[in-house]
Amino acid sequence: NQYTLDGTFVKSFTIKGCTSNAIRNLAFDGTHFYAADTESWIYRLDMENQQVLDTITISEYARHINYSPELNGGKGGFVMGDWTTSIYTDKAGAKIGDGPALKGASGTAIHNGVLYAFEQGHEDAYSLSCYDVASGKHLRTISLADYVEITPSAEAAAAGLSVFNLPDGLHLLALALQEGAGTRFIFLDLGSVLGLEGYNVYRNGEKVNTAPLKHRYFAEQLSTPGTYTYEVETQLIDGTTSQRSIGATIDILDSGSCDVPASVKARPGVFAPY
């Protein structure tokens, strides 16, 4: 199936020359797509002509697959594997190393030396785990339920995963979340993939909220004349916080220093009853 980046369905088609009926995951190296089908080979695809260009034999089963230009000494390669396994290969499919043990991985991706795995084998079947590529050490696991804006449905489960490097330098982690109503596509800023707890607001350097705000909205009433500068920071679920935003300043003037409104006119409006 082909979709636009906002999740709009475009069309469905069959790949000629693909003997598998169960393609599980796709990877893109900047030129070609590669498909994994839970067997011991992957397909190099020509999407424009909808056909297989090459079948590459690999040493293990591949349910998940992702291309990374960082692997094989910067020559590029794949991370692939089954539910609980991961291996690194060159672009010809030759194994160059073992990756970490995973927990029900449906999709994987690599960025800046970190292997990201979208996993079903946790209490929440839509958890994102991070592993160090060099050592295989588990770094952290977060549930998509920890993101205020997402709220997965009860039957949700992890699916595919990929990294998007945008021309403006922003790096996004793209996740496919399987839900009863269909697949939802979610894009996370890799700089905040630890998971967002909420927002803190500071007035003249002092925090005014007692708990992180869950929505990007804040209001308060002040009557004392003076100058007030507000700053905002994000707080992640591990307690770390970002730098504060550029301050926004307001002035509350004394009632005796305000000019009296002049040339005020009123005109009748149109009343529309509910």
# chains A, B, ... in the order shown; residues from 1 in each chain; ligands from 1
>>> closest_atom_pairs(of="range 118-207 of chain A", to="range 244-259 of chain A", cutoff="12 Å", atoms="only C-alpha atoms", output="JSON lines")
{"residue": "A:Tyr199", "atom": "CA", "partner": "A:Arg244", "partner_atom": "CA", "distance": 10.3}
{"residue": "A:Asn200", "atom": "CA", "partner": "A:Arg244", "partner_atom": "CA", "distance": 9.0}
{"residue": "A:Val201", "atom": "CA", "partner": "A:Arg244", "partner_atom": "CA", "distance": 9.0}
{"residue": "A:Tyr202", "atom": "CA", "partner": "A:Arg244", "partner_atom": "CA", "distance": 8.7}
{"residue": "A:Arg203", "atom": "CA", "partner": "A:Gly247", "partner_atom": "CA", "distance": 9.2}
{"residue": "A:Asn204", "atom": "CA", "partner": "A:Gly247", "partner_atom": "CA", "distance": 9.1}
{"residue": "A:Gly205", "atom": "CA", "partner": "A:Gly247", "partner_atom": "CA", "distance": 9.9}
{"residue": "A:Glu206", "atom": "CA", "partner": "A:Arg244", "partner_atom": "CA", "distance": 11.9}
{"residue": "A:Lys207", "atom": "CA", "partner": "A:Arg244", "partner_atom": "CA", "distance": 11.2}
>>> residues_around(residues="Ala219 in chain A", least_positions_apart="3", cutoff="12 Å", atoms="only C-alpha atoms", output="list of chain:residue names")
A:Val201, A:Arg203, A:Val208, A:Asn209, A:Leu213, A:His215, A:Arg216, A:Leu222, A:Tyr230
>>> atom_distance(atom1="CA of Asp82 in chain A", atom2="CA of Ala109 in chain A")
14.0 Å
>>> select_by_dssp(residues="range 101-212 of chain A", states="strand (DSSP E or B)", output="number ranges by chain")
A: 105-111, 114-119, 127-132, 138-143, 157-165, 171-179, 182-189, 196-203, 206-207
>>> select_by_dssp(residues="range 3-235 of chain A", states="alpha helix (DSSP H)", output="list in words")
Leu71, Asn72, Gly73 and Gly74 of chain A
>>> write_last_selection(atoms="all heavy atoms", output="mmCIF file, in the first residue's frame")
data_model
loop_
_atom_site.group_PDB
_atom_site.id
_atom_site.type_symbol
_atom_site.label_atom_id
_atom_site.label_comp_id
_atom_site.auth_asym_id
_atom_site.auth_seq_id
_atom_site.Cartn_x
_atom_site.Cartn_y
_atom_site.Cartn_z
ATOM 1 N N LEU A 71 26.301 2.085 9.300
ATOM 2 C CA LEU A 71 26.856 0.746 9.459
ATOM 3 C C LEU A 71 27.983 0.468 8.466
ATOM 4 O O LEU A 71 28.142 1.172 7.471
ATOM 5 C CB LEU A 71 25.743 -0.295 9.298
ATOM 6 C CG LEU A 71 24.684 -0.332 10.407
ATOM 7 C CD1 LEU A 71 23.584 -1.326 10.053
ATOM 8 C CD2 LEU A 71 25.319 -0.695 11.741
ATOM 9 N N ASN A 72 28.750 -0.593 8.764
ATOM 10 C CA ASN A 72 29.814 -1.076 7.882
ATOM 11 C C ASN A 72 30.843 0.017 7.588
ATOM 12 O O ASN A 72 31.227 0.243 6.441
ATOM 13 C CB ASN A 72 29.224 -1.635 6.576
ATOM 14 C CG ASN A 72 30.207 -2.507 5.815
ATOM 15 O OD1 ASN A 72 31.130 -3.070 6.398
ATOM 16 N ND2 ASN A 72 30.004 -2.618 4.513
ATOM 17 N N GLY A 73 31.259 0.703 8.640
ATOM 18 C CA GLY A 73 32.276 1.728 8.483
ATOM 19 C C GLY A 73 31.840 2.910 7.655
ATOM 20 O O GLY A 73 32.666 3.561 6.998
ATOM 21 N N GLY A 74 30.547 3.216 7.679
ATOM 22 C CA GLY A 74 30.019 4.339 6.907
ATOM 23 C C GLY A 74 29.662 3.987 5.477
ATOM 24 O O GLY A 74 29.212 4.858 4.718
#
>>> closest_residue(among="A:Thr19, A:Val10, A:Pro167, A:Leu115", to="Arg140 in chain A", atoms="only C-alpha atoms")
A:Leu115
>>> closest_residue(among="A:Arg63, A:Lys265, A:Arg44, A:His122", to="Asn25 in chain A", atoms="only C-alpha atoms")
A:Arg63
>>> residues_around(residues="Phe118 in chain A", least_positions_apart="6", cutoff="9 Å", atoms="only C-alpha atoms", output="PyMOL selection string")
chain A and resi 103-109+125-129+158-161+175
>>> residues_around(residues="Ala36 in chain A", least_positions_apart="3", cutoff="12 Å", atoms="only C-alpha atoms", output="JSON, numbers by chain")
{"A": [18, 19, 20, 21, 22, 23, 24, 25, 26, 27, 28, 33, 39, 40, 41, 42, 43, 44, 45, 55, 56, 57, 58, 60, 61, 62, 63, 64, 65, 66, 67, 78, 79, 80, 81, 82, 93, 106, 107, 160]}
>>> write_last_selection(atoms="C-alpha atoms", output="mmCIF file, in the first residue's frame")
data_model
loop_
_atom_site.group_PDB
_atom_site.id
_atom_site.type_symbol
_atom_site.label_atom_id
_atom_site.label_comp_id
_atom_site.auth_asym_id
_atom_site.auth_seq_id
_atom_site.Cartn_x
_atom_site.Cartn_y
_atom_site.Cartn_z
ATOM 1 C CA CYS A 18 7.975 -11.439 -5.098
ATOM 2 C CA THR A 19 7.191 -15.026 -4.100
ATOM 3 C CA SER A 20 6.233 -14.139 -0.531
ATOM 4 C CA ASN A 21 2.688 -13.391 0.581
ATOM 5 C CA ALA A 22 3.768 -11.805 3.878
ATOM 6 C CA ILE A 23 6.020 -8.774 3.457
ATOM 7 C CA ARG A 24 6.501 -7.464 6.981
ATOM 8 C CA ASN A 25 8.747 -4.444 6.670
ATOM 9 C CA LEU A 26 10.445 -2.100 4.212
ATOM 10 C CA ALA A 27 13.728 -0.190 4.170
ATOM 11 C CA PHE A 28 15.006 2.555 1.838
ATOM 12 C CA PHE A 33 13.416 -0.163 -1.296
ATOM 13 C CA GLU A 39 12.259 -15.654 5.693
ATOM 14 C CA SER A 40 16.048 -15.846 5.189
ATOM 15 C CA TRP A 41 16.201 -13.435 2.271
ATOM 16 C CA ILE A 42 15.269 -9.854 1.427
ATOM 17 C CA TYR A 43 14.063 -8.330 -1.837
ATOM 18 C CA ARG A 44 15.528 -5.264 -3.553
ATOM 19 C CA LEU A 45 12.571 -3.521 -5.186
ATOM 20 C CA THR A 55 16.816 -11.427 -4.016
ATOM 21 C CA ILE A 56 19.493 -11.258 -1.298
ATOM 22 C CA THR A 57 20.172 -14.263 0.938
ATOM 23 C CA ILE A 58 20.764 -13.557 4.637
ATOM 24 C CA GLU A 60 18.782 -15.377 9.716
ATOM 25 C CA TYR A 61 15.091 -14.630 9.470
ATOM 26 C CA ALA A 62 14.102 -11.001 8.879
ATOM 27 C CA ARG A 63 10.786 -9.741 10.210
ATOM 28 C CA HIS A 64 12.079 -6.208 10.723
ATOM 29 C CA ILE A 65 14.601 -4.379 8.539
ATOM 30 C CA ASN A 66 16.019 -0.889 8.326
ATOM 31 C CA TYR A 67 18.843 0.697 6.343
ATOM 32 C CA PHE A 78 21.007 -3.135 7.388
ATOM 33 C CA VAL A 79 19.790 -3.975 10.853
ATOM 34 C CA MET A 80 17.340 -6.867 10.637
ATOM 35 C CA GLY A 81 16.052 -9.813 12.602
ATOM 36 C CA ASP A 82 13.082 -11.666 14.045
ATOM 37 C CA GLY A 93 23.346 -9.212 3.058
ATOM 38 C CA SER A 106 8.100 -5.108 14.752
ATOM 39 C CA GLY A 107 10.351 -2.341 13.444
ATOM 40 C CA GLY A 160 6.969 -0.447 11.436
#
>>> residues_around(residues="Leu190 in chain A", least_positions_apart="2", cutoff="12 Å", atoms="only C-alpha atoms", output="number ranges by chain")
A: 109-112, 114-116, 128, 130, 162-166, 169-175, 187-188, 192-196
>>> atom_distance(atom1="CA of Thr4 in chain A", atom2="CA of His32 in chain A")
17.8 Å
>>> atom_distance(atom1="CA of Pro225 in chain A", atom2="CA of Pro261 in chain A")
19.3 Å
>>> residues_around(residues="Glu48 in chain A", least_positions_apart="5", cutoff="12 Å", atoms="only C-alpha atoms", output="ChimeraX atom specification")
/A:2,13-16,31-33,53
>>> write_last_selection(atoms="all heavy atoms", output="PDB file, in the first residue's frame")
ATOM      1  N   GLN A   2       0.455   2.266  -0.718  1.00  0.00           N
ATOM      2  CA  GLN A   2       1.183   3.535  -0.770  1.00  0.00           C
ATOM      3  C   GLN A   2       0.358   4.613  -0.076  1.00  0.00           C
ATOM      4  O   GLN A   2      -0.850   4.735  -0.308  1.00  0.00           O
ATOM      5  CB  GLN A   2       1.444   3.931  -2.228  1.00  0.00           C
ATOM      6  CG  GLN A   2       2.228   5.234  -2.371  1.00  0.00           C
ATOM      7  CD  GLN A   2       2.480   5.599  -3.830  1.00  0.00           C
ATOM      8  OE1 GLN A   2       2.179   4.830  -4.730  1.00  0.00           O
ATOM      9  NE2 GLN A   2       3.017   6.769  -4.055  1.00  0.00           N
ATOM     10  N   PHE A  13      -0.842  -2.068  -4.679  1.00  0.00           N
ATOM     11  CA  PHE A  13      -0.346  -2.786  -5.852  1.00  0.00           C
ATOM     12  C   PHE A  13       0.450  -4.010  -5.411  1.00  0.00           C
ATOM     13  O   PHE A  13       0.848  -4.134  -4.246  1.00  0.00           O
ATOM     14  CB  PHE A  13       0.515  -1.880  -6.743  1.00  0.00           C
ATOM     15  CG  PHE A  13       1.672  -1.222  -6.054  1.00  0.00           C
ATOM     16  CD1 PHE A  13       2.897  -1.865  -5.934  1.00  0.00           C
ATOM     17  CD2 PHE A  13       1.540   0.059  -5.526  1.00  0.00           C
ATOM     18  CE1 PHE A  13       3.960  -1.256  -5.301  1.00  0.00           C
ATOM     19  CE2 PHE A  13       2.612   0.673  -4.880  1.00  0.00           C
ATOM     20  CZ  PHE A  13       3.825   0.012  -4.770  1.00  0.00           C
ATOM     21  N   THR A  14       0.680  -4.925  -6.348  1.00  0.00           N
ATOM     22  CA  THR A  14       1.433  -6.154  -6.108  1.00  0.00           C
ATOM     23  C   THR A  14       2.802  -6.052  -6.760  1.00  0.00           C
ATOM     24  O   THR A  14       2.931  -5.548  -7.879  1.00  0.00           O
ATOM     25  CB  THR A  14       0.686  -7.367  -6.682  1.00  0.00           C
ATOM     26  OG1 THR A  14      -0.609  -7.462  -6.068  1.00  0.00           O
ATOM     27  CG2 THR A  14       1.457  -8.657  -6.424  1.00  0.00           C
ATOM     28  N   ILE A  15       3.846  -6.501  -6.053  1.00  0.00           N
ATOM     29  CA  ILE A  15       5.209  -6.491  -6.576  1.00  0.00           C
ATOM     30  C   ILE A  15       5.434  -7.735  -7.431  1.00  0.00           C
ATOM     31  O   ILE A  15       5.317  -8.870  -6.942  1.00  0.00           O
ATOM     32  CB  ILE A  15       6.245  -6.444  -5.440  1.00  0.00           C
ATOM     33  CG1 ILE A  15       6.066  -5.182  -4.593  1.00  0.00           C
ATOM     34  CG2 ILE A  15       7.665  -6.524  -5.997  1.00  0.00           C
ATOM     35  CD1 ILE A  15       6.381  -3.904  -5.327  1.00  0.00           C
ATOM     36  N   LYS A  16       5.749  -7.535  -8.676  1.00  0.00           N
ATOM     37  CA  LYS A  16       6.013  -8.666  -9.573  1.00  0.00           C
ATOM     38  C   LYS A  16       7.351  -9.324  -9.229  1.00  0.00           C
ATOM     39  O   LYS A  16       8.341  -8.647  -9.016  1.00  0.00           O
ATOM     40  CB  LYS A  16       6.022  -8.180 -11.030  1.00  0.00           C
ATOM     41  CG  LYS A  16       4.700  -7.618 -11.517  1.00  0.00           C
ATOM     42  CD  LYS A  16       4.744  -7.237 -12.983  1.00  0.00           C
ATOM     43  CE  LYS A  16       5.584  -5.979 -13.229  1.00  0.00           C
ATOM     44  NZ  LYS A  16       4.933  -4.794 -12.690  1.00  0.00           N
ATOM     45  N   THR A  31      17.920   5.020  -2.780  1.00  0.00           N
ATOM     46  CA  THR A  31      17.720   4.669  -4.188  1.00  0.00           C
ATOM     47  C   THR A  31      16.664   3.588  -4.353  1.00  0.00           C
ATOM     48  O   THR A  31      15.742   3.726  -5.158  1.00  0.00           O
ATOM     49  CB  THR A  31      19.043   4.171  -4.817  1.00  0.00           C
ATOM     50  OG1 THR A  31      20.040   5.176  -4.667  1.00  0.00           O
ATOM     51  CG2 THR A  31      18.852   3.860  -6.303  1.00  0.00           C
ATOM     52  N   HIS A  32      16.791   2.522  -3.578  1.00  0.00           N
ATOM     53  CA  HIS A  32      15.882   1.393  -3.693  1.00  0.00           C
ATOM     54  C   HIS A  32      15.222   1.065  -2.362  1.00  0.00           C
ATOM     55  O   HIS A  32      15.773   1.358  -1.291  1.00  0.00           O
ATOM     56  CB  HIS A  32      16.615   0.138  -4.203  1.00  0.00           C
ATOM     57  CG  HIS A  32      17.130   0.257  -5.603  1.00  0.00           C
ATOM     58  ND1 HIS A  32      18.475   0.378  -5.884  1.00  0.00           N
ATOM     59  CD2 HIS A  32      16.490   0.278  -6.799  1.00  0.00           C
ATOM     60  CE1 HIS A  32      18.643   0.474  -7.197  1.00  0.00           C
ATOM     61  NE2 HIS A  32      17.454   0.421  -7.768  1.00  0.00           N
ATOM     62  N   PHE A  33      14.067   0.409  -2.459  1.00  0.00           N
ATOM     63  CA  PHE A  33      13.416  -0.163  -1.296  1.00  0.00           C
ATOM     64  C   PHE A  33      13.853  -1.617  -1.158  1.00  0.00           C
ATOM     65  O   PHE A  33      14.140  -2.299  -2.140  1.00  0.00           O
ATOM     66  CB  PHE A  33      11.887  -0.106  -1.432  1.00  0.00           C
ATOM     67  CG  PHE A  33      11.295   1.231  -1.103  1.00  0.00           C
ATOM     68  CD1 PHE A  33      11.145   2.191  -2.081  1.00  0.00           C
ATOM     69  CD2 PHE A  33      10.887   1.521   0.185  1.00  0.00           C
ATOM     70  CE1 PHE A  33      10.605   3.432  -1.795  1.00  0.00           C
ATOM     71  CE2 PHE A  33      10.335   2.758   0.495  1.00  0.00           C
ATOM     72  CZ  PHE A  33      10.196   3.710  -0.499  1.00  0.00           C
ATOM     73  N   LEU A  53      14.035  -6.514  -8.161  1.00  0.00           N
ATOM     74  CA  LEU A  53      15.281  -6.395  -8.906  1.00  0.00           C
ATOM     75  C   LEU A  53      16.285  -7.464  -8.507  1.00  0.00           C
ATOM     76  O   LEU A  53      17.095  -7.914  -9.333  1.00  0.00           O
ATOM     77  CB  LEU A  53      15.907  -5.015  -8.684  1.00  0.00           C
ATOM     78  CG  LEU A  53      15.115  -3.810  -9.198  1.00  0.00           C
ATOM     79  CD1 LEU A  53      15.828  -2.526  -8.803  1.00  0.00           C
ATOM     80  CD2 LEU A  53      14.917  -3.880 -10.699  1.00  0.00           C
TER      81      LEU A  53
END
>>> closest_residue(among="A:Val52, A:Ala101, A:Val232, A:Val264", to="Gly17 in chain A", atoms="only C-alpha atoms")
A:Val52
>>> closest_residue(among="A:Gly180, A:Asp98, A:Glu220, A:Glu197", to="Ser143 in chain A", atoms="only C-alpha atoms")
A:Glu197
>>> closest_residue(among="A:Leu236, A:Pro212, A:Thr241, A:Asn1", to="Gln50 in chain A", atoms="only C-alpha atoms")
A:Asn1
